[in-house]
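What follows is the content of structure.cif, which has mmCIF, N, CA and C atoms:
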```cif
data_protein
loop_
_atom_site.label_atom_id
_atom_site.label_comp_id
_atom_site.auth_asym_id
_atom_site.auth_seq_id
_atom_site.Cartn_x
_atom_site.Cartn_y
_atom_site.Cartn_z
N MET A 1003 0.84 -1.18 0.00
CA MET A 1003 0.00 0.00 0.00
C MET A 1003 0.88 1.24 0.00
N MET A 1004 0.61 2.13 -0.94
CA MET A 1004 1.40 3.35 -1.06
C MET A 1004 0.72 4.49 -0.30
N ASN A 1005 1.53 5.35 0.26
CA ASN A 1005 1.02 6.53 0.96
C ASN A 1005 1.47 7.75 0.17
N TYR A 1006 0.53 8.65 -0.13
CA TYR A 1006 0.88 9.81 -0.95
C TYR A 1006 1.94 10.68 -0.28
N LYS A 1007 1.99 10.69 1.05
CA LYS A 1007 2.95 11.54 1.76
C LYS A 1007 4.39 11.16 1.45
N SER A 1008 4.62 9.90 1.13
CA SER A 1008 5.99 9.46 0.85
C SER A 1008 6.49 9.96 -0.50
N PHE A 1009 5.60 10.54 -1.32
CA PHE A 1009 6.01 11.05 -2.63
C PHE A 1009 6.19 12.57 -2.64
N PHE A 1010 6.20 13.17 -1.46
CA PHE A 1010 6.41 14.61 -1.35
C PHE A 1010 7.55 14.89 -0.39
N LEU A 1011 8.40 15.83 -0.77
CA LEU A 1011 9.53 16.23 0.04
C LEU A 1011 9.35 17.68 0.45
N LEU A 1012 9.91 18.06 1.57
CA LEU A 1012 9.84 19.45 1.99
C LEU A 1012 10.91 20.24 1.25
N ASP A 1013 10.49 21.27 0.57
CA ASP A 1013 11.40 22.14 -0.18
C ASP A 1013 11.96 23.18 0.79
N ASP A 1014 13.27 23.16 1.00
CA ASP A 1014 13.90 24.07 1.96
C ASP A 1014 13.75 25.53 1.55
N GLU A 1015 13.69 25.77 0.27
CA GLU A 1015 13.66 27.14 -0.23
C GLU A 1015 12.39 27.88 0.15
N ASN A 1016 11.23 27.30 -0.11
CA ASN A 1016 9.97 28.00 0.20
C ASN A 1016 9.10 27.25 1.21
N GLU A 1017 9.66 26.24 1.85
CA GLU A 1017 9.03 25.48 2.92
C GLU A 1017 7.68 24.87 2.55
N LYS A 1018 7.49 24.61 1.28
CA LYS A 1018 6.28 23.91 0.82
C LYS A 1018 6.69 22.54 0.33
N PRO A 1019 5.82 21.55 0.54
CA PRO A 1019 6.14 20.22 0.00
C PRO A 1019 6.19 20.26 -1.52
N LYS A 1020 7.05 19.43 -2.09
CA LYS A 1020 7.11 19.33 -3.55
C LYS A 1020 7.09 17.86 -3.95
N CYS A 1021 6.55 17.62 -5.12
CA CYS A 1021 6.43 16.27 -5.65
C CYS A 1021 7.81 15.72 -5.96
N LYS A 1022 8.06 14.47 -5.59
CA LYS A 1022 9.34 13.80 -5.86
C LYS A 1022 9.60 13.65 -7.36
N PHE A 1023 8.53 13.53 -8.13
CA PHE A 1023 8.67 13.23 -9.54
C PHE A 1023 8.79 14.47 -10.43
N CYS A 1024 7.93 15.46 -10.21
CA CYS A 1024 7.93 16.62 -11.11
C CYS A 1024 8.42 17.91 -10.44
N SER A 1025 8.67 17.86 -9.14
CA SER A 1025 9.16 19.00 -8.35
C SER A 1025 8.19 20.18 -8.25
N LYS A 1026 6.92 19.95 -8.52
CA LYS A 1026 5.93 21.02 -8.35
C LYS A 1026 5.67 21.21 -6.86
N ASN A 1027 5.59 22.49 -6.45
CA ASN A 1027 5.32 22.81 -5.05
C ASN A 1027 3.83 23.06 -4.85
N PHE A 1028 3.27 22.44 -3.83
CA PHE A 1028 1.90 22.73 -3.39
C PHE A 1028 1.65 22.02 -2.08
N THR A 1029 0.62 22.46 -1.39
CA THR A 1029 0.25 21.82 -0.13
C THR A 1029 -0.63 20.62 -0.46
N PRO A 1030 -0.14 19.43 -0.25
CA PRO A 1030 -0.88 18.24 -0.69
C PRO A 1030 -1.90 17.76 0.34
N THR A 1031 -3.17 18.15 0.14
CA THR A 1031 -4.22 17.47 0.90
C THR A 1031 -4.33 16.08 0.28
N LYS A 1032 -5.00 15.18 0.95
CA LYS A 1032 -5.10 13.82 0.43
C LYS A 1032 -5.72 13.81 -0.96
N GLU A 1033 -6.82 14.56 -1.14
CA GLU A 1033 -7.51 14.58 -2.44
C GLU A 1033 -6.61 15.17 -3.53
N ARG A 1034 -5.98 16.30 -3.24
CA ARG A 1034 -5.15 16.97 -4.25
C ARG A 1034 -3.93 16.12 -4.61
N ALA A 1035 -3.30 15.54 -3.60
CA ALA A 1035 -2.11 14.72 -3.86
C ALA A 1035 -2.47 13.47 -4.66
N THR A 1036 -3.57 12.84 -4.30
CA THR A 1036 -4.01 11.64 -5.01
C THR A 1036 -4.37 11.97 -6.46
N ALA A 1037 -5.03 13.11 -6.67
CA ALA A 1037 -5.37 13.54 -8.04
C ALA A 1037 -4.10 13.88 -8.81
N HIS A 1038 -3.14 14.55 -8.18
CA HIS A 1038 -1.88 14.92 -8.82
C HIS A 1038 -1.12 13.66 -9.27
N LEU A 1039 -0.94 12.73 -8.35
CA LEU A 1039 -0.18 11.51 -8.66
C LEU A 1039 -0.96 10.57 -9.58
N GLY A 1040 -2.30 10.61 -9.51
CA GLY A 1040 -3.12 9.75 -10.36
C GLY A 1040 -3.42 10.35 -11.72
N LYS A 1041 -2.88 11.52 -11.98
CA LYS A 1041 -3.07 12.24 -13.25
C LYS A 1041 -4.55 12.53 -13.53
N ILE A 1042 -5.25 12.98 -12.49
CA ILE A 1042 -6.67 13.30 -12.62
C ILE A 1042 -6.79 14.82 -12.58
N PRO A 1043 -7.14 15.44 -13.70
CA PRO A 1043 -7.21 16.91 -13.77
C PRO A 1043 -8.43 17.47 -13.05
N GLY A 1044 -8.34 18.77 -12.72
CA GLY A 1044 -9.50 19.49 -12.21
C GLY A 1044 -9.71 19.46 -10.72
N HIS A 1045 -8.68 19.29 -9.94
CA HIS A 1045 -8.84 19.25 -8.48
C HIS A 1045 -7.92 20.24 -7.79
N GLY A 1046 -7.72 21.37 -8.43
CA GLY A 1046 -6.93 22.43 -7.83
C GLY A 1046 -5.43 22.23 -7.89
N VAL A 1047 -4.98 21.30 -8.70
CA VAL A 1047 -3.55 21.04 -8.82
C VAL A 1047 -3.27 20.44 -10.20
N ALA A 1048 -2.10 20.76 -10.75
CA ALA A 1048 -1.73 20.20 -12.06
C ALA A 1048 -1.41 18.72 -11.91
N VAL A 1049 -1.64 17.97 -12.97
CA VAL A 1049 -1.30 16.54 -12.93
C VAL A 1049 0.21 16.38 -13.04
N CYS A 1050 0.71 15.32 -12.44
CA CYS A 1050 2.14 15.05 -12.48
C CYS A 1050 2.49 14.41 -13.83
N THR A 1051 3.42 15.02 -14.54
CA THR A 1051 3.81 14.52 -15.85
C THR A 1051 4.96 13.53 -15.78
N SER A 1052 5.56 13.39 -14.61
CA SER A 1052 6.75 12.53 -14.48
C SER A 1052 6.54 11.29 -13.62
N VAL A 1053 5.35 11.11 -13.09
CA VAL A 1053 5.10 9.97 -12.21
C VAL A 1053 5.12 8.67 -13.02
N PRO A 1054 5.74 7.61 -12.48
CA PRO A 1054 5.73 6.32 -13.18
C PRO A 1054 4.30 5.77 -13.31
N ASP A 1055 4.08 4.98 -14.35
CA ASP A 1055 2.74 4.46 -14.63
C ASP A 1055 2.16 3.63 -13.49
N ASN A 1056 2.99 2.80 -12.85
CA ASN A 1056 2.46 1.96 -11.77
C ASN A 1056 1.98 2.81 -10.59
N VAL A 1057 2.69 3.89 -10.29
CA VAL A 1057 2.29 4.79 -9.20
C VAL A 1057 1.04 5.56 -9.61
N SER A 1058 1.02 6.03 -10.85
CA SER A 1058 -0.13 6.78 -11.36
C SER A 1058 -1.40 5.94 -11.35
N SER A 1059 -1.32 4.72 -11.82
CA SER A 1059 -2.51 3.87 -11.86
C SER A 1059 -2.99 3.52 -10.44
N TYR A 1060 -2.06 3.33 -9.52
CA TYR A 1060 -2.43 3.05 -8.12
C TYR A 1060 -3.23 4.21 -7.54
N PHE A 1061 -2.72 5.43 -7.73
CA PHE A 1061 -3.40 6.59 -7.15
C PHE A 1061 -4.68 6.96 -7.90
N ALA A 1062 -4.74 6.70 -9.19
CA ALA A 1062 -5.98 6.93 -9.94
C ALA A 1062 -7.08 6.01 -9.41
N GLU A 1063 -6.74 4.76 -9.16
CA GLU A 1063 -7.71 3.81 -8.62
C GLU A 1063 -8.12 4.21 -7.21
N ALA A 1064 -7.15 4.63 -6.39
CA ALA A 1064 -7.45 5.06 -5.02
C ALA A 1064 -8.37 6.28 -5.04
N PHE A 1065 -8.12 7.21 -5.97
CA PHE A 1065 -8.96 8.41 -6.07
C PHE A 1065 -10.38 8.03 -6.44
N ASN A 1066 -10.54 7.16 -7.44
CA ASN A 1066 -11.87 6.74 -7.89
C ASN A 1066 -12.63 6.01 -6.78
N LYS A 1067 -11.94 5.17 -6.00
CA LYS A 1067 -12.58 4.47 -4.88
C LYS A 1067 -13.03 5.47 -3.83
N SER A 1068 -12.21 6.49 -3.59
CA SER A 1068 -12.55 7.52 -2.62
C SER A 1068 -13.80 8.28 -3.04
N VAL A 1069 -13.90 8.61 -4.31
CA VAL A 1069 -15.08 9.32 -4.83
C VAL A 1069 -16.31 8.44 -4.72
N GLU A 1070 -16.19 7.16 -5.07
CA GLU A 1070 -17.32 6.24 -4.97
C GLU A 1070 -17.79 6.10 -3.53
N LYS A 1071 -16.84 6.05 -2.60
CA LYS A 1071 -17.18 5.91 -1.19
C LYS A 1071 -17.91 7.14 -0.69
N GLN A 1072 -17.51 8.32 -1.15
CA GLN A 1072 -18.17 9.56 -0.74
C GLN A 1072 -19.61 9.60 -1.23
N MET A 1073 -19.90 8.94 -2.34
CA MET A 1073 -21.24 8.97 -2.92
C MET A 1073 -22.18 7.94 -2.29
N GLU A 1074 -21.64 6.98 -1.53
CA GLU A 1074 -22.48 5.98 -0.88
C GLU A 1074 -23.27 6.63 0.24
N PRO A 1075 -24.56 6.27 0.38
CA PRO A 1075 -25.32 6.84 1.48
C PRO A 1075 -24.81 6.32 2.82
N THR A 1076 -24.74 7.19 3.79
CA THR A 1076 -24.31 6.81 5.14
C THR A 1076 -25.51 6.93 6.06
N ALA A 1077 -25.32 6.57 7.30
CA ALA A 1077 -26.41 6.66 8.28
C ALA A 1077 -26.90 8.10 8.40
N GLU A 1078 -25.98 9.07 8.26
CA GLU A 1078 -26.38 10.47 8.38
C GLU A 1078 -27.20 10.94 7.18
N THR A 1079 -26.96 10.37 6.00
CA THR A 1079 -27.64 10.86 4.81
C THR A 1079 -28.94 10.12 4.52
N LYS A 1080 -29.18 9.02 5.20
CA LYS A 1080 -30.43 8.29 4.97
C LYS A 1080 -31.58 9.08 5.58
N ILE A 1081 -32.63 9.23 4.81
CA ILE A 1081 -33.78 10.01 5.25
C ILE A 1081 -34.73 9.10 6.00
N THR A 1082 -35.08 9.53 7.19
CA THR A 1082 -36.04 8.77 7.99
C THR A 1082 -37.35 9.54 8.06
N GLU A 1083 -38.39 8.86 8.48
CA GLU A 1083 -39.68 9.51 8.65
C GLU A 1083 -39.56 10.65 9.66
N ASN A 1084 -38.75 10.45 10.68
CA ASN A 1084 -38.56 11.48 11.70
C ASN A 1084 -37.91 12.74 11.10
N ASN A 1085 -36.95 12.57 10.17
CA ASN A 1085 -36.34 13.72 9.50
C ASN A 1085 -37.40 14.53 8.75
N VAL A 1086 -38.28 13.82 8.06
CA VAL A 1086 -39.32 14.48 7.27
C VAL A 1086 -40.29 15.22 8.20
N LEU A 1087 -40.72 14.56 9.27
CA LEU A 1087 -41.63 15.20 10.22
C LEU A 1087 -41.01 16.45 10.84
N ASP A 1088 -39.73 16.38 11.18
CA ASP A 1088 -39.03 17.55 11.72
C ASP A 1088 -39.03 18.70 10.72
N ALA A 1089 -38.77 18.39 9.45
CA ALA A 1089 -38.73 19.42 8.41
C ALA A 1089 -40.11 20.05 8.20
N VAL A 1090 -41.17 19.22 8.20
CA VAL A 1090 -42.53 19.74 8.03
C VAL A 1090 -42.89 20.63 9.22
N ALA A 1091 -42.62 20.16 10.43
CA ALA A 1091 -42.93 20.95 11.63
C ALA A 1091 -42.16 22.27 11.62
N SER A 1092 -40.89 22.23 11.25
CA SER A 1092 -40.08 23.46 11.19
C SER A 1092 -40.65 24.44 10.18
N PHE A 1093 -41.07 23.94 9.02
CA PHE A 1093 -41.66 24.81 8.00
C PHE A 1093 -42.91 25.49 8.55
N PHE A 1094 -43.80 24.70 9.16
CA PHE A 1094 -45.03 25.27 9.69
C PHE A 1094 -44.75 26.32 10.76
N LEU A 1095 -43.77 26.04 11.64
CA LEU A 1095 -43.42 27.00 12.69
C LEU A 1095 -42.81 28.27 12.11
N GLU A 1096 -41.83 28.12 11.23
CA GLU A 1096 -41.12 29.27 10.67
C GLU A 1096 -42.03 30.17 9.83
N GLU A 1097 -43.00 29.59 9.16
CA GLU A 1097 -43.90 30.36 8.30
C GLU A 1097 -45.21 30.72 8.99
N ALA A 1098 -45.30 30.42 10.30
CA ALA A 1098 -46.48 30.74 11.12
C ALA A 1098 -47.77 30.17 10.50
N ILE A 1099 -47.69 28.93 10.06
CA ILE A 1099 -48.86 28.25 9.49
C ILE A 1099 -49.43 27.36 10.59
N PRO A 1100 -50.71 27.45 10.86
CA PRO A 1100 -51.31 26.59 11.89
C PRO A 1100 -51.13 25.11 11.54
N PHE A 1101 -50.80 24.31 12.55
CA PHE A 1101 -50.59 22.89 12.31
C PHE A 1101 -51.83 22.20 11.76
N SER A 1102 -53.00 22.76 12.02
CA SER A 1102 -54.24 22.15 11.52
C SER A 1102 -54.29 22.14 9.99
N LYS A 1103 -53.48 22.97 9.35
CA LYS A 1103 -53.46 23.02 7.88
C LYS A 1103 -52.89 21.74 7.26
N VAL A 1104 -52.29 20.89 8.10
CA VAL A 1104 -51.80 19.59 7.64
C VAL A 1104 -52.97 18.76 7.11
N GLU A 1105 -54.17 19.02 7.61
CA GLU A 1105 -55.34 18.25 7.19
C GLU A 1105 -56.01 18.82 5.94
N SER A 1106 -55.50 19.93 5.41
CA SER A 1106 -56.11 20.51 4.21
C SER A 1106 -55.85 19.61 3.00
N GLU A 1107 -56.80 19.59 2.09
CA GLU A 1107 -56.67 18.74 0.90
C GLU A 1107 -55.48 19.17 0.04
N SER A 1108 -55.24 20.47 -0.05
CA SER A 1108 -54.13 20.93 -0.89
C SER A 1108 -52.78 20.49 -0.32
N PHE A 1109 -52.63 20.49 1.01
CA PHE A 1109 -51.37 20.04 1.62
C PHE A 1109 -51.19 18.54 1.41
N LYS A 1110 -52.26 17.79 1.61
CA LYS A 1110 -52.19 16.33 1.40
C LYS A 1110 -51.80 16.02 -0.04
N LYS A 1111 -52.40 16.76 -0.98
CA LYS A 1111 -52.09 16.55 -2.40
C LYS A 1111 -50.63 16.91 -2.69
N LEU A 1112 -50.15 18.01 -2.12
CA LEU A 1112 -48.76 18.43 -2.30
C LEU A 1112 -47.79 17.34 -1.83
N ILE A 1113 -48.00 16.84 -0.64
CA ILE A 1113 -47.11 15.82 -0.08
C ILE A 1113 -47.18 14.53 -0.90
N SER A 1114 -48.38 14.12 -1.26
CA SER A 1114 -48.57 12.88 -2.02
C SER A 1114 -47.89 12.95 -3.39
N LEU A 1115 -48.13 14.03 -4.12
CA LEU A 1115 -47.54 14.16 -5.46
C LEU A 1115 -46.02 14.30 -5.40
N THR A 1116 -45.53 15.03 -4.41
CA THR A 1116 -44.07 15.19 -4.27
C THR A 1116 -43.42 13.85 -3.98
N ALA A 1117 -44.02 13.07 -3.10
CA ALA A 1117 -43.48 11.75 -2.77
C ALA A 1117 -43.50 10.83 -3.99
N LYS A 1118 -44.57 10.89 -4.77
CA LYS A 1118 -44.67 10.04 -5.96
C LYS A 1118 -43.68 10.47 -7.04
N TYR A 1119 -43.46 11.77 -7.15
CA TYR A 1119 -42.54 12.27 -8.17
C TYR A 1119 -41.11 11.82 -7.87
N GLY A 1120 -40.74 11.85 -6.59
CA GLY A 1120 -39.43 11.37 -6.19
C GLY A 1120 -38.42 12.47 -5.96
N GLN A 1121 -37.18 12.05 -5.74
CA GLN A 1121 -36.13 12.98 -5.35
C GLN A 1121 -35.65 13.89 -6.47
N ASP A 1122 -36.08 13.66 -7.69
CA ASP A 1122 -35.69 14.53 -8.80
C ASP A 1122 -36.53 15.80 -8.87
N PHE A 1123 -37.53 15.93 -8.01
CA PHE A 1123 -38.39 17.11 -8.02
C PHE A 1123 -37.58 18.35 -7.67
N LYS A 1124 -37.70 19.37 -8.49
CA LYS A 1124 -37.01 20.64 -8.25
C LYS A 1124 -38.04 21.66 -7.76
N LEU A 1125 -37.70 22.37 -6.70
CA LEU A 1125 -38.62 23.37 -6.17
C LEU A 1125 -38.85 24.47 -7.19
N PRO A 1126 -40.09 24.93 -7.31
CA PRO A 1126 -40.36 26.01 -8.26
C PRO A 1126 -39.88 27.35 -7.71
N SER A 1127 -39.60 28.25 -8.60
CA SER A 1127 -39.20 29.60 -8.18
C SER A 1127 -40.46 30.39 -7.83
N PRO A 1128 -40.31 31.45 -7.02
CA PRO A 1128 -41.47 32.30 -6.74
C PRO A 1128 -42.09 32.86 -8.03
N TYR A 1129 -41.25 33.19 -9.01
CA TYR A 1129 -41.74 33.72 -10.28
C TYR A 1129 -42.64 32.70 -10.98
N LEU A 1130 -42.20 31.45 -11.01
CA LEU A 1130 -43.00 30.40 -11.65
C LEU A 1130 -44.35 30.25 -10.95
N LEU A 1131 -44.33 30.27 -9.62
CA LEU A 1131 -45.59 30.14 -8.89
C LEU A 1131 -46.51 31.33 -9.16
N LYS A 1132 -45.93 32.53 -9.25
CA LYS A 1132 -46.75 33.72 -9.51
C LYS A 1132 -47.37 33.68 -10.90
N THR A 1133 -46.65 33.16 -11.87
CA THR A 1133 -47.15 33.16 -13.25
C THR A 1133 -47.90 31.88 -13.61
N LYS A 1134 -47.89 30.91 -12.72
CA LYS A 1134 -48.56 29.63 -13.01
C LYS A 1134 -50.05 29.83 -13.21
N PHE A 1135 -50.64 30.69 -12.42
CA PHE A 1135 -52.07 30.94 -12.52
C PHE A 1135 -52.28 32.39 -12.92
N ASP A 1136 -53.24 32.61 -13.77
CA ASP A 1136 -53.51 34.00 -14.14
C ASP A 1136 -54.31 34.69 -13.04
N LEU A 1137 -54.36 35.99 -13.10
CA LEU A 1137 -54.99 36.78 -12.06
C LEU A 1137 -56.46 36.42 -11.87
N PHE A 1138 -57.18 36.16 -12.94
CA PHE A 1138 -58.60 35.83 -12.83
C PHE A 1138 -58.80 34.57 -12.01
N PHE A 1139 -57.99 33.55 -12.27
CA PHE A 1139 -58.12 32.29 -11.54
C PHE A 1139 -57.87 32.52 -10.05
N ILE A 1140 -56.83 33.25 -9.73
CA ILE A 1140 -56.51 33.51 -8.33
C ILE A 1140 -57.63 34.28 -7.66
N PHE A 1141 -58.14 35.31 -8.34
CA PHE A 1141 -59.22 36.12 -7.77
C PHE A 1141 -60.45 35.27 -7.52
N SER A 1142 -60.87 34.46 -8.49
CA SER A 1142 -62.06 33.64 -8.31
C SER A 1142 -61.87 32.60 -7.20
N PHE A 1143 -60.68 32.07 -7.09
CA PHE A 1143 -60.38 31.11 -6.02
C PHE A 1143 -60.52 31.78 -4.66
N LEU A 1144 -59.94 32.97 -4.52
CA LEU A 1144 -60.00 33.67 -3.24
C LEU A 1144 -61.43 34.08 -2.89
N VAL A 1145 -62.20 34.52 -3.86
CA VAL A 1145 -63.59 34.91 -3.61
C VAL A 1145 -64.38 33.71 -3.09
N ARG A 1146 -64.19 32.55 -3.71
CA ARG A 1146 -64.89 31.33 -3.24
C ARG A 1146 -64.53 31.01 -1.79
N ARG A 1147 -63.28 31.21 -1.42
CA ARG A 1147 -62.84 30.93 -0.05
C ARG A 1147 -63.39 31.96 0.93
N TRP A 1148 -63.41 33.22 0.49
CA TRP A 1148 -63.88 34.30 1.37
C TRP A 1148 -65.39 34.20 1.63
N ILE A 1149 -66.14 33.70 0.65
CA ILE A 1149 -67.59 33.59 0.80
C ILE A 1149 -67.95 32.74 2.01
N ARG A 1150 -67.14 31.77 2.30
CA ARG A 1150 -67.39 30.91 3.47
C ARG A 1150 -67.42 31.71 4.76
N TYR A 1151 -66.67 32.79 4.81
CA TYR A 1151 -66.55 33.56 6.04
C TYR A 1151 -67.52 34.74 6.12
N LEU A 1152 -68.30 34.96 5.08
CA LEU A 1152 -69.26 36.08 5.09
C LEU A 1152 -70.59 35.69 5.68
#
```
Translate the structure of the given file into structure tokens.
Amino acid sequence: MMNYKSFFLLDDENEKPKCKFCSKNFTPTKERATAHLGKIPGHGVAVCTSVPDNVSSYFAEAFNKSVEKQMEPTAETKITENNVLDAVASFFLEEAIPFSKVESESFKKLISLTAKYGQDFKLPSPYLLKTKFDLFFIFSFLVRRWIRYL
């Protein structure tokens, strides 16, 4: 097993670590050093042009495994019913919406359709919501609701 730290030396001149193979100076975090030695571009550091192929392939594989591991769901990222209930309760509290509104048909429909649509659902912008219905529809809807209270 190779350790990326063994491929960097301290440069006496500017006190920054430098790559043993290409002599580039930079502060090697694990991700940056692994990307540098694995010849993986786009991680805040240039790829090493002088690293031997066996070292490069080792670190490229290590980098890819690290990325795959980061994408796996962990206990913290798994959504539980309790997480959802906390988020709904927080929304109602922060927006001063009475908890009894949970029983409204429109809220039930919102939750049901969102759950069926799945995690790819993107929240609409305020502009989209404002333009979704024309003024006449909104006015007639509000009048019907207000009549109940007259």
Next on the checklist: I want to know what sits within 6 Å of stretch 1060-1067 of chain A, based on all atoms listed in the file, with residues of the same chain fewer than 6 positions away left out; could you give that as a PyMOL selection string?
Outcome noted: chain A and resi 1036+1039-1041
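From atom CA of A:Lys1132 back to atom C of A:Ile1149, the distance works out to 24.1 Å.
Straight-line separation from atom C of A:Phe1094 to atom C of A:Phe1123: 21.3 Å.
Coordinates place atom CA of A:Phe1009 at a distance of 7.0 Å from atom N of A:Cys1021.
Neighbouring residues of A:Asn1027 at 8 Å or closer, counting all atoms listed in the file and skipping chain neighbours under 4 positions away, are Asp1013, Lys1018, Pro1019, Lys1020 and Cys1021 of chain A.
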Around stretch 1019-1031 of chain A, fit a box with edges along x, y and z, padding it by 5 Å on each side, then list its centre and edge lengths in Å to one decimal as AutoDock Vina command-line options.
```
--center_x 2.6 --center_y 18.1 --center_z -5.1 --size_x 23.9 --size_y 19.8 --size_z 22.0
```
Item to check | helix (DSSP H, G or I) call set, DSSP backbone run, stretch 1017-1123 of chain A, as a VMD selection string | outcome: chain A and resid 1032 to 1039 1055 to 1073 1083 to 1096 1101 to 1105 1107 to 1119
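Here the question is which of A:Phe1093, A:Arg1034, A:Ser1142, A:Ser1059 gets nearest to A:Val1047 using all atoms listed in the file, and that residue is A:Arg1034.
Every residue that the PyMOL selection byres ((chain A and resi 1051) around 8) selects in this file is listed here: A:Phe1023, A:Cys1024, A:His1038, A:Leu1039, A:Lys1041, A:Ala1048, A:Val1049, A:Cys1050, A:Ser1052, A:Val1053, A:Pro1054.
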Atoms added to stretch 1090-1104 of chain A (N, CA, C and O atoms), reported as an mmCIF file, keeping the file's coordinate frame:
```
data_model
loop_
_atom_site.group_PDB
_atom_site.id
_atom_site.type_symbol
_atom_site.label_atom_id
_atom_site.label_comp_id
_atom_site.auth_asym_id
_atom_site.auth_seq_id
_atom_site.Cartn_x
_atom_site.Cartn_y
_atom_site.Cartn_z
ATOM 1 N N VAL A 1090 -41.170 19.220 8.200
ATOM 2 C CA VAL A 1090 -42.530 19.740 8.030
ATOM 3 C C VAL A 1090 -42.890 20.630 9.220
ATOM 4 O O VAL A 1090 -43.397 21.741 9.043
ATOM 5 N N ALA A 1091 -42.620 20.160 10.430
ATOM 6 C CA ALA A 1091 -42.930 20.950 11.630
ATOM 7 C C ALA A 1091 -42.160 22.270 11.620
ATOM 8 O O ALA A 1091 -42.724 23.320 11.938
ATOM 9 N N SER A 1092 -40.890 22.230 11.250
ATOM 10 C CA SER A 1092 -40.080 23.460 11.190
ATOM 11 C C SER A 1092 -40.650 24.440 10.180
ATOM 12 O O SER A 1092 -40.729 25.643 10.457
ATOM 13 N N PHE A 1093 -41.070 23.940 9.020
ATOM 14 C CA PHE A 1093 -41.660 24.810 8.000
ATOM 15 C C PHE A 1093 -42.910 25.490 8.550
ATOM 16 O O PHE A 1093 -43.084 26.699 8.425
ATOM 17 N N PHE A 1094 -43.800 24.700 9.160
ATOM 18 C CA PHE A 1094 -45.030 25.270 9.690
ATOM 19 C C PHE A 1094 -44.750 26.320 10.760
ATOM 20 O O PHE A 1094 -45.383 27.369 10.796
ATOM 21 N N LEU A 1095 -43.770 26.040 11.640
ATOM 22 C CA LEU A 1095 -43.420 27.000 12.690
ATOM 23 C C LEU A 1095 -42.810 28.270 12.110
ATOM 24 O O LEU A 1095 -43.214 29.377 12.454
ATOM 25 N N GLU A 1096 -41.830 28.120 11.230
ATOM 26 C CA GLU A 1096 -41.120 29.270 10.670
ATOM 27 C C GLU A 1096 -42.030 30.170 9.830
ATOM 28 O O GLU A 1096 -41.845 31.383 9.796
ATOM 29 N N GLU A 1097 -43.000 29.590 9.160
ATOM 30 C CA GLU A 1097 -43.900 30.360 8.300
ATOM 31 C C GLU A 1097 -45.210 30.720 8.990
ATOM 32 O O GLU A 1097 -46.123 31.254 8.362
ATOM 33 N N ALA A 1098 -45.300 30.420 10.300
ATOM 34 C CA ALA A 1098 -46.480 30.740 11.120
ATOM 35 C C ALA A 1098 -47.770 30.170 10.500
ATOM 36 O O ALA A 1098 -48.800 30.829 10.440
ATOM 37 N N ILE A 1099 -47.690 28.930 10.060
ATOM 38 C CA ILE A 1099 -48.860 28.250 9.490
ATOM 39 C C ILE A 1099 -49.430 27.360 10.590
ATOM 40 O O ILE A 1099 -48.689 26.568 11.189
ATOM 41 N N PRO A 1100 -50.710 27.450 10.860
ATOM 42 C CA PRO A 1100 -51.310 26.590 11.890
ATOM 43 C C PRO A 1100 -51.130 25.110 11.540
ATOM 44 O O PRO A 1100 -51.285 24.707 10.396
ATOM 45 N N PHE A 1101 -50.800 24.310 12.550
ATOM 46 C CA PHE A 1101 -50.590 22.890 12.310
ATOM 47 C C PHE A 1101 -51.830 22.200 11.760
ATOM 48 O O PHE A 1101 -51.734 21.180 11.092
ATOM 49 N N SER A 1102 -53.000 22.760 12.020
ATOM 50 C CA SER A 1102 -54.240 22.150 11.520
ATOM 51 C C SER A 1102 -54.290 22.140 9.990
ATOM 52 O O SER A 1102 -55.033 21.351 9.400
ATOM 53 N N LYS A 1103 -53.480 22.970 9.350
ATOM 54 C CA LYS A 1103 -53.460 23.020 7.880
ATOM 55 C C LYS A 1103 -52.890 21.740 7.260
ATOM 56 O O LYS A 1103 -53.012 21.510 6.073
ATOM 57 N N VAL A 1104 -52.290 20.890 8.100
ATOM 58 C CA VAL A 1104 -51.800 19.590 7.640
ATOM 59 C C VAL A 1104 -52.970 18.760 7.110
ATOM 60 O O VAL A 1104 -52.785 17.914 6.238
#
```
